[in-house]
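Data block below; observations after.
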Amino acid sequence: MKRRATTEYFPGIPRIPYEGPSSKNPLAFRHYNPEELVDGKPMREHLRFSVVYWHTIRGKLSDMFGEGTAVRPWEDGSNSLELARTRVRVAFELIEKLGAPFYAFHDRDVAPEGRSLRETNRNLDAIVKVLKEEQARTGIRLLWGTACLFAHPRFVHGAATSCNADVFAYAAAQVKKAIEVTHELGGAGYVFWGGREGYSTLLNTDLKRELDHLGRFLHLAVDYKRTLGFRGQFYIEPKPKEPTKHQYDSDAAACLNFLREYDLLGDFKLNLETNHATLAGHTMQHDMEVAIAANALGSIDANVGDVLLGWDTDQFPTNVYLTTEIMLSLLKMGGFTTGGLNFDAKVRRESFEPEDLFHAHIGGMDAFARGLKIASAIRRDGRLAEFIRQRYGSWDEGIGKRIESGKAGFRELEAYMLERGDAALNRSGRQEWLENLINDFI
């Protein structure tokens, strides 16, 4: 096994310790203690934190009004293979010092695109060797891989839904290679995000044909996964808009409907992102509960949007109410299997120094650790669960039980109500009391 060179890219920053809630050290965890047991399982196993390669390592902090502000001393202005190798070592030093067990990447994040697909694949193979070395050195694992099917101009009309059959074929070749690389690196999953799988206007769009092509593309991916022997979980990540006006994977319910219609539900789960849920007009907990109800919640991209801005701001999550809601749903589901909490988030343009990357991840990891502990305490207390049990108590016996078991039809229900005369009185939903209850724990 090769050892990494002695170069340190974040000098003066040690491995981030846990120092407890009273700590004033900005480079320490106050709530995330990876070995602390919560409901009989270590925090690290509950939370399964992952650092993303795209925002964290490749993000320049540019926006549509200005050039990037990120100060990254290891960058040399090139897009060379040697710089790509350096970036891998930068990434693993950062992730190792944070103590996160996972990372995630797009294929084009880690290796430069060449003049042809063949050259591009060779570039990717060269960087995979370095990724394998760093994984072996640190024990950090790949949560999931994916292919970037949205940045290059060839994908202007989409990838799997492009009006150009050659683009469909190119996308298939790129995804094939990305799945192979994910498999080689021992990835726990693989994500499909349809950044340009949608439309800007229906005037030039054959919507049914494009959806059929997307369904065909995903079936081809499933077939190849089985041929390859890749056992990782396939995910679809919902997002309603941006960069297109409407994306076919618009929210959890739309994705589930698509998977059912094209007979793919058995092969895919959802990778949900908080900011994408809010762009769809939902809370994150809503999309989680929709996915959980279908046994299809697989992984989470942990971030948050700005309620005053209407686009995907990808901010680090620090709202403890949000993290508590997420962890309440996750604990109810039984926790992650192959997925995790993947920080698909970027520091603000004004936070341009390398140290800011640590502050951002520490804040997000602490916020989720607090959410986990609070959610666990709420569940142990039992009052929230008991209120819901009592609220639906009429379904656990009598006519409600007969309806749920399929033993009551319209005639029996009519006879039942004719005899009773009217429905039993409703009880208050106690929303304000329940909100107070949550506040007591936070």
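Scheme for the structure tokens: letters A, B, ... for chains in order shown; per-chain residue numbers from 1; ligand numbers from 1 in order shown.
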
With the cut-off set at 8 Å and counting only C-alpha atoms, tabulate each residue of stretch 315-335 of chain A with an atom at most that distance from an atom of stretch 363-376 of chain A, showing the nearest atom pair and its distance in Å to one decimal, ordered by chain and increasing number, as CSV.
residue,atom,partner,partner_atom,distance
A:Phe316,CA,A:Gly364,CA,5.9
A:Pro317,CA,A:Gly364,CA,5.2
A:Thr318,CA,A:Ala367,CA,5.4
A:Asn319,CA,A:Ala367,CA,6.8
A:Val320,CA,A:Ala367,CA,5.7
A:Tyr321,CA,A:Gly371,CA,7.3
A:Leu322,CA,A:Gly371,CA,7.8
A:Thr323,CA,A:Gly371,CA,4.7
A:Thr324,CA,A:Gly371,CA,3.9
A:Glu325,CA,A:Ala375,CA,7.5
A:Ile326,CA,A:Gly371,CA,7.8
A:Met327,CA,A:Leu372,CA,5.5
A:Leu328,CA,A:Ala375,CA,5.0
A:Leu331,CA,A:Ser376,CA,7.7

| request: Per DSSP on the backbone, filter stretch 114-326 of chain A down to the residues in strand (DSSP E) and report them as a PyMOL selection string. | output: chain A and resi 141-146+189-192+198-199+233-236+246-247+268-273+297-301

| said: List as a PyMOL selection string the protein and nucleic acid residues near A:Ile16, meaning an atom at most 7 Å away when only C-alpha atoms are counted, but skip any in the same chain fewer than 4 places from it. | reply: chain A and resi 27-29+97-98

Let me see the file: selected residues, C-alpha atoms, as a PDB file, in the first residue's frame.
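Wrote part37.pdb, looks like this:
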ATOM      1  CA  LEU A  27     -12.549  23.656  15.685  1.00  0.00           C
ATOM      2  CA  ALA A  28     -14.214  21.147  18.015  1.00  0.00           C
ATOM      3  CA  PHE A  29     -17.500  19.272  18.114  1.00  0.00           C
ATOM      4  CA  LYS A  97      -9.608  15.489  10.025  1.00  0.00           C
ATOM      5  CA  LEU A  98     -13.399  15.878  10.213  1.00  0.00           C
TER       6      LEU A  98
END

| said: So that I can see what lies close to A:Ala111, please list as a ChimeraX atom specification the residues with an atom at most 12 Å from it, counting only C-alpha atoms and leaving out residues fewer than 5 positions away in the same chain. | reply: /A:53-54,58,79-88,105-106,119-131,147-148,178,181

| field | Who sits within 8 Å of A:Gly186, only C-alpha atoms, same chain under 2 positions skipped, as an NGL selection string | value | :A and (141-142 or 182-184 or 188)

| All alpha helix (DSSP H) residues (DSSP, backbone) inside stretch 134-173 of chain A, as a VMD selection string | chain A and resid 134 to 138 165 to 173

| query | Do you have the atom CA of A:Tyr235-atom CA of A:Gly189 distance handy? | reply |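 Between these atoms lies a distance of 7.3 Å.
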
| message | I want to know what sits within 12 Å of stretch 391-397 of chain A, based on only C-alpha atoms, with residues of the same chain fewer than 3 positions away left out; could you give that as a count of residues only? | response | 19

| query | So, counting only C-alpha atoms, which residue among A:Asp76, A:Glu67, A:Arg348, A:Val51 is closest to A:Glu96? | reply |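 Counting only C-alpha atoms, the residue closest to A:Glu96 is A:Val51.
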
| request: List the neighbours of stretch 268-276 of chain A out to 6 Å using only C-alpha atoms; skip same-chain residues closer than 4 positions along the sequence, and give me the result as a PyMOL selection string. | output: chain A and resi 234-237+239+284+296-301+303-305

| request: Rank A:Thr138, A:Ser162, A:Asn342, A:Thr337 by their smallest atom-to-atom distance to A:Phe150, using only C-alpha atoms, and report the top residue only. | output: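 Under the stated criterion, the closest residue is A:Ser162.
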